[in-house]
Amino acid sequence: MNFIDSHAHIYSEKFDADRADAIARAQEEGVSRIYMPNIDHTSIDAMLEAEAKYPQLCIPMMGLHPTSVDKDFERQLYLVEEWLEKRTFAAVGECGIDLYWDKTFLPQQQEALRVHVALAKKYQLPIVLHTRDSFNETYEIIKAAQDGTLRGIFHCFSGTAEEAEKVRELGFLMGIGGVATFKNGGLDKVLPHVSLDNLVLETDCPYLAPTPHRGKRNEPVYLPLVASRVAELMQQPIEEVADKTTTNALNLFKHLP
């Protein structure tokens, strides 16, 4: 089986001691590509170093994570645009709104998301959305901007069936990760009612390790555990889950070889 990890911070310092081993483990389990979302100006060098060492396997995106948005966010967004102007990235992201930790900079996060949407349109790239405790706020901005050209992923989707339908109507995909394996994650009530056509798999490593590794460092080798749980909940063969989610990811990031 062939798997694609559509969202992984494999460049994180959490992997500095054994990144090569972690990637080798993932490849042995069939993970053929790892898409890397950027965080902010401090993560770019490490992300691009991972790409340079593992070309065609570790593919970078470019964006500003909402928890890195503060009163000086415009300066960081200028850097994002500079990078998008000078080379190819798989997507704009990760970006969005995060109201879990702090609501202080909600207006700035909303403005930053609108800028990311404009960049995604300008460069004809998909956009990867972070929506922690902020589905409605993020959805309203994307819905208002959707003119038929926007596409992308609601990363780490853990919403309701109604929210899943809203994502589908937008023409976006849902990124499904370790939360699907959590006892009270809620996706057991959602995934039976959606189509594989609307899903991609992700780890969000080093965060959100799936059961039975919950609480430990996550890594791409665990992606088949997510696929297995999705297959169980959707009553589909795991081979079909792997094949369809891989196709969906490749179609979304199709400008790459």
# chains A, B, ... in the order shown; residues from 1 in each chain; ligands from 1

$ closest_atom_pairs --of "range 67-122 of chain A" --to "range 133-153 of chain A" --cutoff "8 Å" --atoms "only C-alpha atoms" --output "Markdown table"
| residue | atom | partner | partner_atom | distance |
| --- | --- | --- | --- | --- |
| A:Gly96 | CA | A:Thr138 | CA | 6.4 |
| A:Ile97 | CA | A:Ser134 | CA | 6.0 |
| A:Asp98 | CA | A:Ser134 | CA | 6.0 |
| A:Leu99 | CA | A:Asp133 | CA | 5.3 |
| A:Tyr100 | CA | A:Asp133 | CA | 5.6 |
| A:Gln110 | CA | A:Ile141 | CA | 7.8 |
| A:Leu113 | CA | A:Ile141 | CA | 7.8 |
| A:Arg114 | CA | A:Ile141 | CA | 7.1 |
| A:Val117 | CA | A:Ala145 | CA | 7.5 |
| A:Ala120 | CA | A:Leu150 | CA | 7.4 |
| A:Lys121 | CA | A:Leu150 | CA | 6.6 |

$ residues_around --residues "range 240-257 of chain A" --least-positions-apart "4" --cutoff "6 Å" --atoms "only C-alpha atoms" --output "list of chain:residue names"
A:Phe3, A:Ile4, A:Ala90, A:Leu199, A:Val200

$ write_last_selection --atoms "N, CA, C and O atoms" --output "PDB file, in the first residue's frame"
ATOM      1  N   PHE A   3       0.939   5.275   1.010  1.00  0.00           N
ATOM      2  CA  PHE A   3       0.311   6.304   1.841  1.00  0.00           C
ATOM      3  C   PHE A   3       0.998   7.647   1.620  1.00  0.00           C
ATOM      4  O   PHE A   3       2.205   7.705   1.348  1.00  0.00           O
ATOM      5  N   ILE A   4       0.223   8.720   1.775  1.00  0.00           N
ATOM      6  CA  ILE A   4       0.791  10.065   1.762  1.00  0.00           C
ATOM      7  C   ILE A   4       0.411  10.753   3.065  1.00  0.00           C
ATOM      8  O   ILE A   4      -0.767  10.792   3.449  1.00  0.00           O
ATOM      9  N   ALA A  90       4.304  23.456  -2.256  1.00  0.00           N
ATOM     10  CA  ALA A  90       3.160  22.588  -2.505  1.00  0.00           C
ATOM     11  C   ALA A  90       1.839  23.275  -2.217  1.00  0.00           C
ATOM     12  O   ALA A  90       0.817  22.957  -2.825  1.00  0.00           O
ATOM     13  N   LEU A 199     -11.378  12.964   1.687  1.00  0.00           N
ATOM     14  CA  LEU A 199     -10.424  12.778   2.772  1.00  0.00           C
ATOM     15  C   LEU A 199      -8.984  12.673   2.283  1.00  0.00           C
ATOM     16  O   LEU A 199      -8.720  12.138   1.204  1.00  0.00           O
ATOM     17  N   VAL A 200      -8.074  13.179   3.111  1.00  0.00           N
ATOM     18  CA  VAL A 200      -6.654  12.850   3.017  1.00  0.00           C
ATOM     19  C   VAL A 200      -6.206  12.456   4.422  1.00  0.00           C
ATOM     20  O   VAL A 200      -6.837  12.814   5.418  1.00  0.00           O
TER      21      VAL A 200
END

$ atom_distance --atom1 "CA of Gly175 in chain A" --atom2 "CA of Ser228 in chain A"
15.0 Å

$ atom_distance --atom1 "CA of Asn2 in chain A" --atom2 "CA of Gly30 in chain A"
4.9 Å

$ closest_residue --among "A:Ser6, A:Gln56, A:Ser12, A:Gln109" --to "Tyr35 in chain A" --atoms "only C-alpha atoms"
A:Ser6

$ residues_around --residues "Glu13 in chain A" --least-positions-apart "4" --cutoff "10 Å" --atoms "only C-alpha atoms" --output "VMD selection string"
chain A and resid 9 17 to 19 43 46 206
